[in-house]
Structure formats: structure tokens, C-alpha cells
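All remarks here apply to the structure that follows.
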Amino acid sequence: MENTWFKKLTMALIWVIIIAFAILLIKRFTQANKNEINLDQTKDNWAKMMLILNSVDKDYVDAIDYEKVTEELLPDIMSKLDPHSVYLPPQELKDAEESLQGGFDGIGIQFTVPNDTAVVSNVIVGGPSEKAGLLSGDRILMVNDVSIAGVKMPQDSMVLLMKGRKGTKVDVSIKRNGEDKPIPFTIIRDKIPVKSVDVAFMINDTTGYIKLSKFAKTSYSEFLESSLKLREKGMKKLIFDLRDNTGGYLDQAMLLSNEFLQKGDLVVYMEGKNRPRQDLFADGKGGCRDIELAVLINEGSASSSEIFAGAMQDNDRATIYGLRSFGKGLVQEPIYFSDGSGIRLTVARFYTPTGRSIQKPYSPDYEYDIIHRYEHGEMTNVDSIRVNDSLKYITPKGKIVYGGGGIIPDVFVPLDTVGVTDFMIKCNRQGLQNKFANEISDEYRVQMRNIKDMASLNKFLDGLSLEKRFLAYTKDKGVVPEGNQWQISGNIIMIQVRALIGRYTPMDDNAFYPIYLQTDNVIKKVLENKPIGR
């Protein structure tokens, strides 16, 4: 009798724990989603899972590594919902948020690893490394007594060694040209700003160019600063490059869209099973409403990039150039846990002003979608883009646009294969352009530190006999052009080389992009085309 009573009490306690756990789950989701969840329904739906977990906890033969089981189980659970709902362990969550915060704690350098050794390509002005005395061209041999040169250490592992909390110190050993022995430095880590506007410059007297790499917390303010400078230089037209921009914060996409739209123009709306439709409109106070706009997208443009491009296209505000965008139109809310981990949960979908869903369908081979685009010719032939006539929409000015996943550009510009030869492919695979640029920058390090404008850079590069020296360099590496391969690829390769060398000057990307974009077929198409937008 006593034993029966004890069993009943035990079961009652178990159910109290299960129900308490269910209530805790409900509170988590209601706090994040601000929607009521039916308690009885939730308990029924999740009861089997909780009973199984309780049985394992109570009766499993061996001790359970709870952390290991949890960390392996949660990613799998989230992946069953949709391709973009994810569980992020503490370090992954920290890394993901740092990339969008507009800054991180570190030592303030950019480096490349051309030959298994980290070479400082740029020292951030005002950062900890500049204050400590590091220079571009320095080779990093050791970080806190850990050798990182010549040991085939992955680049991300090198980054982790150098990053750390603001105020902490890191010891590095540097090999510098002209010095026989390694030089030790102690660097105090600090907050390092991360740009989302990679570059902003005038392509010609009236056309500006801005490349945005992500929609970070500082993107709008960076854009405003850049666009104001370009307007002072005479900008009437803007090429806004969102190629390979994977997105970020919705509010930044809203603010940037607002810069170009008229009052009352719909930017985007969101809707989901537990989310009523929410419309977001422009207020008509943007400072770029008079700027002629071209937006560049490709298969790597996703999320906030597609919101912006869709808003411009559906409001007949800009001409969209390039390739069909990625097709990620999901509203994801973060939920954080006390151990530093968290989840990104899909709660709604984004829709463009005409009503198009940006999100592409969840197919069994979803993750291979981009590969399939190459396979069926979409990247080179506009007629290979698959459209669904049942998802046809009309903009206010009568332009036809299609839903079904991603933003289809107004002006299709195919993947550029002009100038590609076996010689160029071999050079690319071995990274010979990068390695050669690094050797040139080593040789002329002192002169290059004083180059501050494009005229000086071009004059410097013109005097180096780069073509002759590069061909001698590739021959030494066993790569030689055959037949007319150099006549076909040479100009493109030398533009790449000049751009990469320019990156080793204090101008950094402001030297790289003006040179590199000379061979960009999308830019050429924009400059020769008449705009569609108002």
C-alpha cells in the first residue's frame, strides 16, 4: 500500500515537472512572440517528447552527458522546421552578432595568408595595432607563444587567437622586412569598427558607386555619410551594389529604402500564422529621392538586400541589374538563453509591395538551389529563369514582375565568362595574382605607404613593368600561357593584379574597387543603359 502511494506521488511529481517545463517553454515563446499559446494543446503536442526525455533521465543505464545531448539534439530539431531556423551555440551566436553589430573587440588589422604566413595588409587607423607600431607588410610569426607561421593553421583559427575582450593584451612576434630578428609587440585589444559600406566613389562626373556588404547596425549612418560626400562631388546617379550582400537588420533596410521612396510608398509587409499582416511605409523625408538609382543583385543577395531591391522595383523607383537574388524572405526572431546560446526562429514571411513572397520554395534539395541554377543555364541565359505565370504581378507603372522566390532583375546581366582561359583558371586556383601582389608590396612597401590617391597609385603601377614581371613569376611557378591565352586573358589578369596591389596601400578598398570594377560587365551595362526607375 505504502509502495503504491509512493509510486502515485512520484508520478504526480513527474507530471508537475513536465507541466512546469511546458509552461516554461510557453513563456519563452510568448515573451518573444507576444502571442498566446493554448496550454492544453501545447502539452498534448509536446507530451511524447517530454515523456521520452524524462524516461531517459530516470532510467537510462549510464550517466548522461546532458550538455552533449542537448547541443547535438537542438540543431537537428530546428532544421526540421525550415532551412533557416537555427540553434546557435554561444560562440557561433557571438560571431554571428558581431558581424552585424558594427564592431568587435580585437587588435585592428586586416591580413592575408598567401604562403602559409599571415601578412598584414592593412592596419586600421587609430586602432590598437597602429598604436603599438605594426605596419602593413609585417608577417605574424607567433600570437601569445602559439606559432601560426608555416604550420598550416586555418585563417579563422588565427583570427580567434587575435580577438578577445577589450582591455586584454595579446603578445605577437613580427618578422619585418629589413630586420634580421623577430620583433615582439604587446597590443591592448580595443573595440574595432567594422564597415558595411566597403567603398564609395565617383565612377564618372555624375555617377556614384556605393557597395554595401551587409545590413549592419551602422549601415544607414555609413550610407548617409558616403552619399553626402558623393553628392558634394556632383552625384546625380547612384549605382548601389548589393551583390553577395546576405542581409542583416530589417530596420536598416527600411531606413535605406526610405531614403529613396515617396511618402506613403509601401516598402514591405510581413505576415505569418501567428503574426497579423504588418505594413511598413516610407515617410517621404529621404534625402535621395531625386537621385537616379540602379541596384545590383546576384544569387548571393539575400534577405534585407531583397527587401530593398523589391521595394525599389515594385515602386518603379530603380532599375535592378544582374542575376536573380537568393530568395530568403523569412522574418526571424532571436531567442536568447542564459548560457549565451540562442535560436533564430522563423515567425513570418516578407512580401514585396506588389504582394510577392521573396522566399523560394522549400524543396528537398534546397541547399543545392544555386548549383542547379548553373546547371540549367540560368546564370548565362535569361530565358532559363523559371517563372510562374500564376505568380505574375504588376507595378504601378505597368511593369510585370514575378514571385516564386527571389527578385528577378529588370535587366538580366549574365555571368561574365569573357576572357576566361585555362591559363587564367590555373592562376586563380593557385592564387598567383594574390601572391604576386604580395611580393610587389613587400618590395615597394616604403613607397606604397605614401600613396593616398588614385592618380599617384596609377603612376606608381605604370612604372613597374607588371606584365613582364607577372609572366616571369608564373613561369617560375610552372604556369605558362599557351597559344593566344595571354591575349585573351592578359588584360583581365593585370587589372586584378593592379587592384590587389592597390589594396596594400593606405587606400585599401578605395584603391581596389575603382581598378577591379573596370572589367565588371554589370557596371558596363548600367552605364550604357537608360534607367527604368523614376
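We label chains A, B, ... in the order they appear in the C-alpha cells, count residues from 1 in each chain, and number ligands from 1 in the order shown.
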
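Within segment 80-186 of chain A, DSSP applied to the backbone places the following residues in helix (DSSP H, G or I): Pro90, Gln91, Glu92, Leu93, Lys94, Asp95, Ala96, Glu97, Glu98, Ser99, Leu100, Gln101, Pro128, Ser129, Glu130, Lys131, Ala132, Gln155, Asp156, Ser157, Met158, Val159, Leu160, Leu161 and Met162 of chain A.
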
Margin query: Just want the 7 Å neighbourhood of Asn298 of chain A, counted on only C-alpha atoms, with same-chain residues fewer than 2 positions away dropped. Output as an MDAnalysis selection string.
Written below: chainID A and resid 243:244 300:301 322:325

Checklist line | Best match for closeness to Tyr321 of chain A among A:Val526, A:Ala472, A:Ile400, A:Ile291, counting only C-alpha atoms | finding: A:Val526

Note to self: Would you pick out the contacts of Gln485 of chain A at 8 Å or less, using only C-alpha atoms, so that residues sharing its chain but fewer than 4 positions from it are not included, and give the list as a ChimeraX atom specification?
What the structure shows: /A:421-423,481,489-490

Expected file: the selected residues, N, CA and C atoms, as an mmCIF file, in the first residue's frame:
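Here's the written file out39.cif:
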data_model
loop_
_atom_site.group_PDB
_atom_site.id
_atom_site.type_symbol
_atom_site.label_atom_id
_atom_site.label_comp_id
_atom_site.auth_asym_id
_atom_site.auth_seq_id
_atom_site.Cartn_x
_atom_site.Cartn_y
_atom_site.Cartn_z
ATOM 1 N N THR A 421 40.417 31.645 -69.687
ATOM 2 C CA THR A 421 41.220 30.627 -70.387
ATOM 3 C C THR A 421 41.768 29.650 -69.352
ATOM 4 N N ASP A 422 42.357 28.551 -69.824
ATOM 5 C CA ASP A 422 42.974 27.586 -68.910
ATOM 6 C C ASP A 422 44.088 28.240 -68.105
ATOM 7 N N PHE A 423 44.819 29.150 -68.735
ATOM 8 C CA PHE A 423 45.895 29.850 -68.026
ATOM 9 C C PHE A 423 45.333 30.667 -66.862
ATOM 10 N N PRO A 481 51.216 30.616 -70.243
ATOM 11 C CA PRO A 481 50.108 30.697 -71.210
ATOM 12 C C PRO A 481 50.481 30.037 -72.522
ATOM 13 N N SER A 489 43.257 36.631 -71.956
ATOM 14 C CA SER A 489 43.080 36.825 -70.504
ATOM 15 C C SER A 489 43.962 37.905 -69.898
ATOM 16 N N GLY A 490 45.002 38.303 -70.614
ATOM 17 C CA GLY A 490 46.024 39.164 -70.018
ATOM 18 C C GLY A 490 45.488 40.443 -69.416
#

Check: If you count only C-alpha atoms, which residues fall within 8 Å of Gly284 of chain A, apart from same-chain ones fewer than 6 positions away, as JSON, numbers by chain?
Finding: {"A": [258, 259, 261, 262, 263, 264]}

Check: Can you tell me, as number ranges by chain, what residues are no more than 10 Å from segment 115-126 of chain A when counting only C-alpha atoms, ignoring any on the same chain fewer than 6 positions away?
Finding: A: 107-109, 133-142, 148-155, 158, 174-175, 192-193, 431, 434-435, 438, 441-442, 501, 503-508

Those same residues, written as a short mmCIF file (atom, residue, chain, number, x, y, z; two decimals), in the first residue's frame with N, CA and C atoms?
data_model
loop_
_atom_site.label_atom_id
_atom_site.label_comp_id
_atom_site.auth_asym_id
_atom_site.auth_seq_id
_atom_site.Cartn_x
_atom_site.Cartn_y
_atom_site.Cartn_z
N ILE A 107 42.51 43.47 -32.39
CA ILE A 107 43.75 44.25 -32.43
C ILE A 107 43.79 45.23 -33.59
N GLY A 108 42.83 45.15 -34.53
CA GLY A 108 42.73 46.18 -35.56
C GLY A 108 43.66 46.04 -36.74
N ILE A 109 43.68 44.84 -37.33
CA ILE A 109 44.44 44.65 -38.56
C ILE A 109 43.60 43.85 -39.55
N GLY A 133 52.51 50.00 -33.18
CA GLY A 133 53.60 50.15 -34.13
C GLY A 133 53.64 49.14 -35.24
N LEU A 134 52.60 48.32 -35.42
CA LEU A 134 52.57 47.38 -36.53
C LEU A 134 52.43 48.13 -37.85
N LEU A 135 52.98 47.52 -38.92
CA LEU A 135 52.94 48.14 -40.25
C LEU A 135 52.42 47.13 -41.27
N SER A 136 51.83 47.64 -42.34
CA SER A 136 51.43 46.75 -43.42
C SER A 136 52.68 46.07 -43.97
N GLY A 137 52.56 44.79 -44.28
CA GLY A 137 53.71 44.02 -44.75
C GLY A 137 54.34 43.19 -43.66
N ASP A 138 54.06 43.50 -42.39
CA ASP A 138 54.58 42.68 -41.30
C ASP A 138 54.03 41.27 -41.38
N ARG A 139 54.89 40.28 -41.08
CA ARG A 139 54.48 38.89 -41.05
C ARG A 139 54.34 38.44 -39.59
N ILE A 140 53.19 37.85 -39.27
CA ILE A 140 52.92 37.45 -37.89
C ILE A 140 53.41 36.02 -37.69
N LEU A 141 54.41 35.88 -36.81
CA LEU A 141 55.00 34.56 -36.57
C LEU A 141 54.34 33.84 -35.41
N MET A 142 54.08 34.60 -34.31
CA MET A 142 53.52 33.97 -33.12
C MET A 142 52.47 34.88 -32.49
N ILE A 148 52.03 30.51 -35.51
CA ILE A 148 50.99 30.48 -36.54
C ILE A 148 51.57 30.53 -37.94
N ALA A 149 52.89 30.63 -38.07
CA ALA A 149 53.53 30.73 -39.39
C ALA A 149 54.09 29.38 -39.79
N GLY A 150 53.78 28.97 -41.03
CA GLY A 150 54.35 27.74 -41.55
C GLY A 150 53.80 26.47 -40.94
N VAL A 151 52.65 26.55 -40.27
CA VAL A 151 52.08 25.36 -39.62
C VAL A 151 50.71 24.99 -40.20
N LYS A 152 50.36 25.66 -41.32
CA LYS A 152 49.07 25.41 -41.99
C LYS A 152 47.87 25.61 -41.06
N MET A 153 47.96 26.63 -40.22
CA MET A 153 46.83 26.94 -39.34
C MET A 153 45.72 27.62 -40.14
N PRO A 154 44.46 27.18 -39.97
CA PRO A 154 43.34 27.83 -40.68
C PRO A 154 43.26 29.32 -40.32
N GLN A 155 42.85 30.14 -41.29
CA GLN A 155 42.80 31.58 -41.06
C GLN A 155 41.84 31.96 -39.94
N MET A 158 43.52 31.67 -36.66
CA MET A 158 44.40 32.81 -36.40
C MET A 158 43.59 33.99 -35.86
N ILE A 174 56.67 39.55 -34.71
CA ILE A 174 56.57 40.04 -36.08
C ILE A 174 57.90 39.90 -36.81
N LYS A 175 57.86 39.41 -38.06
CA LYS A 175 59.03 39.46 -38.96
C LYS A 175 58.82 40.63 -39.90
N ILE A 192 36.94 47.50 -32.32
CA ILE A 192 37.34 47.72 -33.71
C ILE A 192 36.08 47.93 -34.55
N PRO A 193 35.94 49.08 -35.19
CA PRO A 193 34.76 49.31 -36.03
C PRO A 193 34.79 48.42 -37.27
N GLY A 431 46.18 31.00 -56.79
CA GLY A 431 46.24 32.31 -56.15
C GLY A 431 47.45 33.12 -56.55
N ASN A 434 47.31 37.00 -56.23
CA ASN A 434 47.44 37.46 -54.85
C ASN A 434 48.89 37.36 -54.36
N LYS A 435 49.51 36.23 -54.67
CA LYS A 435 50.88 36.02 -54.19
C LYS A 435 51.85 37.00 -54.85
N ASN A 438 51.45 40.40 -53.34
CA ASN A 438 52.09 40.44 -52.01
C ASN A 438 53.59 40.65 -52.14
N SER A 441 54.24 44.25 -53.14
CA SER A 441 54.03 45.16 -51.99
C SER A 441 55.17 45.06 -50.99
N ASP A 442 55.76 43.87 -50.85
CA ASP A 442 56.92 43.72 -49.98
C ASP A 442 58.10 44.54 -50.51
N ILE A 501 47.37 44.94 -55.67
CA ILE A 501 48.50 45.73 -55.17
C ILE A 501 47.98 46.99 -54.50
N ARG A 503 45.41 47.43 -52.87
CA ARG A 503 44.85 47.13 -51.55
C ARG A 503 45.91 47.20 -50.45
N TYR A 504 47.18 47.10 -50.82
CA TYR A 504 48.26 47.17 -49.84
C TYR A 504 48.68 48.61 -49.53
N THR A 505 48.06 49.58 -50.17
CA THR A 505 48.30 50.99 -49.84
C THR A 505 47.34 51.42 -48.74
N PRO A 506 47.53 52.58 -48.14
CA PRO A 506 46.58 53.07 -47.12
C PRO A 506 45.16 53.25 -47.67
N MET A 507 45.00 53.29 -49.00
CA MET A 507 43.68 53.47 -49.60
C MET A 507 42.82 52.21 -49.48
N ASP A 508 43.47 51.03 -49.37
CA ASP A 508 42.78 49.76 -49.18
C ASP A 508 41.71 49.55 -50.26
#
